[in-house]
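This report concerns only the one structure given below.
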Amino acid sequence: MCNRNLAPLNSPSLAVAREALRSAMDRSGWHPDLIADAELALAELIVNAWRHGRTTSPVVLFLILDGTLRVSVCDDSSDLPQPCEPSRHSECGRGLQLIQGLTHRWGAEPQKRGKTVWFELDAAA
């Protein structure tokens, strides 16, 4: 079920996170297509943190090391993400499929408080 009680989808935190990621990847010489994929996957993780993690200000971390980008989004919910098969007419439920299609790897790790959902992209792939 889609939760309509969200922060606005173009909130400053989403815009700032996307800009910071885009800037870091651009300075590191990443291909524009991979930058676009990373931005979209990041936006999906942040929206999932708002929607399903019930976290208005998720923590966003990213690291570029040896040609691999790792983006992590931490929220307050201990519920790990569960991919689902939405019906053709569902308005939501495709986010993890989108992340899987845009990235090389993704996963989730429980934390003492909440969880971290992450993805990785390889520059050379």
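Following the order of the structure tokens, first chain is A, next is B, and so on, with residues numbered from 1 inside each chain and ligands from 1 in the order they appear.
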Open item on the list: I'd like the neighbourhood of Arg113 (chain A) as a PyMOL selection string, where a residue qualifies if any of its atoms comes within 12 Å (using only C-alpha atoms), though same-chain residues fewer than 6 positions away should be ignored.
Closed with: chain A and resi 53+55+74-79
Open item on the list: So that I can check the secondary structure, give me every residue of chain A assigned helix (DSSP H, G or I) by backbone DSSP, as a PyMOL selection string.
Closed with: chain A and resi 12-27+32-51+95-102
Include C-alpha atoms and write out the residues we just selected as a PDB file, in the first residue's frame.
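Final output, result_11.pdb:
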```
ATOM      1  CA  PRO A  12      15.665  20.295  -0.103  1.00  0.00           C
ATOM      2  CA  SER A  13      17.200  17.142   1.397  1.00  0.00           C
ATOM      3  CA  LEU A  14      16.571  15.162  -1.799  1.00  0.00           C
ATOM      4  CA  ALA A  15      17.809  17.979  -4.018  1.00  0.00           C
ATOM      5  CA  VAL A  16      20.940  18.531  -1.897  1.00  0.00           C
ATOM      6  CA  ALA A  17      21.758  14.810  -1.790  1.00  0.00           C
ATOM      7  CA  ARG A  18      21.352  14.428  -5.554  1.00  0.00           C
ATOM      8  CA  GLU A  19      23.481  17.503  -6.258  1.00  0.00           C
ATOM      9  CA  ALA A  20      26.237  16.361  -3.901  1.00  0.00           C
ATOM     10  CA  LEU A  21      26.297  12.913  -5.500  1.00  0.00           C
ATOM     11  CA  ARG A  22      26.268  14.333  -9.035  1.00  0.00           C
ATOM     12  CA  SER A  23      29.080  16.751  -8.204  1.00  0.00           C
ATOM     13  CA  ALA A  24      31.304  14.075  -6.613  1.00  0.00           C
ATOM     14  CA  MET A  25      30.792  11.650  -9.492  1.00  0.00           C
ATOM     15  CA  ASP A  26      31.369  14.359 -12.098  1.00  0.00           C
ATOM     16  CA  ARG A  27      34.612  15.473 -10.410  1.00  0.00           C
ATOM     17  CA  PRO A  32      26.971  10.887 -17.422  1.00  0.00           C
ATOM     18  CA  ASP A  33      24.732   7.812 -17.887  1.00  0.00           C
ATOM     19  CA  LEU A  34      26.063   6.259 -14.674  1.00  0.00           C
ATOM     20  CA  ILE A  35      25.626   9.578 -12.862  1.00  0.00           C
ATOM     21  CA  ALA A  36      21.983   9.670 -13.963  1.00  0.00           C
ATOM     22  CA  ASP A  37      21.465   6.054 -12.824  1.00  0.00           C
ATOM     23  CA  ALA A  38      23.037   6.803  -9.431  1.00  0.00           C
ATOM     24  CA  GLU A  39      20.891   9.912  -8.944  1.00  0.00           C
ATOM     25  CA  LEU A  40      17.704   8.014  -9.713  1.00  0.00           C
ATOM     26  CA  ALA A  41      18.650   5.098  -7.440  1.00  0.00           C
ATOM     27  CA  LEU A  42      19.566   7.544  -4.650  1.00  0.00           C
ATOM     28  CA  ALA A  43      16.230   9.327  -4.998  1.00  0.00           C
ATOM     29  CA  GLU A  44      14.430   5.989  -4.750  1.00  0.00           C
ATOM     30  CA  LEU A  45      16.317   5.028  -1.574  1.00  0.00           C
ATOM     31  CA  ILE A  46      15.520   8.393   0.031  1.00  0.00           C
ATOM     32  CA  VAL A  47      11.848   8.147  -0.888  1.00  0.00           C
ATOM     33  CA  ASN A  48      11.766   4.593   0.506  1.00  0.00           C
ATOM     34  CA  ALA A  49      13.331   5.882   3.747  1.00  0.00           C
ATOM     35  CA  TRP A  50      10.558   8.486   3.999  1.00  0.00           C
ATOM     36  CA  ARG A  51       7.744   6.201   2.937  1.00  0.00           C
ATOM     37  CA  GLY A  95      11.344   0.820  -6.289  1.00  0.00           C
ATOM     38  CA  LEU A  96      13.578  -2.124  -5.465  1.00  0.00           C
ATOM     39  CA  GLN A  97      13.188  -3.442  -9.014  1.00  0.00           C
ATOM     40  CA  LEU A  98      14.305  -0.031 -10.231  1.00  0.00           C
ATOM     41  CA  ILE A  99      17.342  -0.034  -7.922  1.00  0.00           C
ATOM     42  CA  GLN A 100      18.250  -3.553  -9.015  1.00  0.00           C
ATOM     43  CA  GLY A 101      18.014  -2.542 -12.677  1.00  0.00           C
ATOM     44  CA  LEU A 102      20.053   0.661 -12.304  1.00  0.00           C
TER      45      LEU A 102
END
```
TODO: Counting only C-alpha atoms, figure out which residue out of A:Ala108, A:Gly29, A:Gly114, A:Phe119 gets nearest to Gly67 (chain A).
DONE: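 Distance minimum relative to Gly67 (chain A) lands on A:Gly29.
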TODO: Enumerate as a ChimeraX atom specification all residues of chain A assigned to strand (DSSP E or B) by DSSP on the backbone, naming them with the chain letters and numbers the document uses.
DONE: /A:59-65,68-75,105-110,115-122
TODO: Using only C-alpha atoms, find the one residue out of A:Arg94, A:Cys84, A:Val73, A:Asp122 that sits nearest to Gly107 (chain A).
DONE: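 Ranked by minimum distance to Gly107 (chain A), first place goes to A:Val73.
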TODO: Please provide as a list in words all residues within 7 Å of Val71 (chain A), with the sequence filter that same-chain residues fewer than 6 positions apart are discarded (counting only C-alpha atoms).
DONE: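 Listed by chain and then number, they are Leu61, Phe62, Leu63, Trp118, Phe119 and Glu120 of chain A.
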- [ ] Compare A:Glu85, A:Lys115, A:Ala123, A:Thr103 by their minimum atom-to-atom distance to Pro58 (chain A), counting only C-alpha atoms, and give me the closest one.
- [x] A:Lys115
TODO: Measure the distance from CA of Pro86 (chain A) to CA of Arg70 (chain A) in Å and round it to one decimal.
DONE: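 So the answer is 27.4 Å.
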Open item on the list: Rounded to one decimal, what separation in Å do you get between CA of His52 (chain A) and CA of Pro81 (chain A)?
Closed with: 8.6 Å
Task: Point-to-point distance from CA of Arg105 (chain A) to CA of His31 (chain A), Å rounded to tenths - done: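 Rounded to one decimal, the two atoms are 18.0 Å apart.
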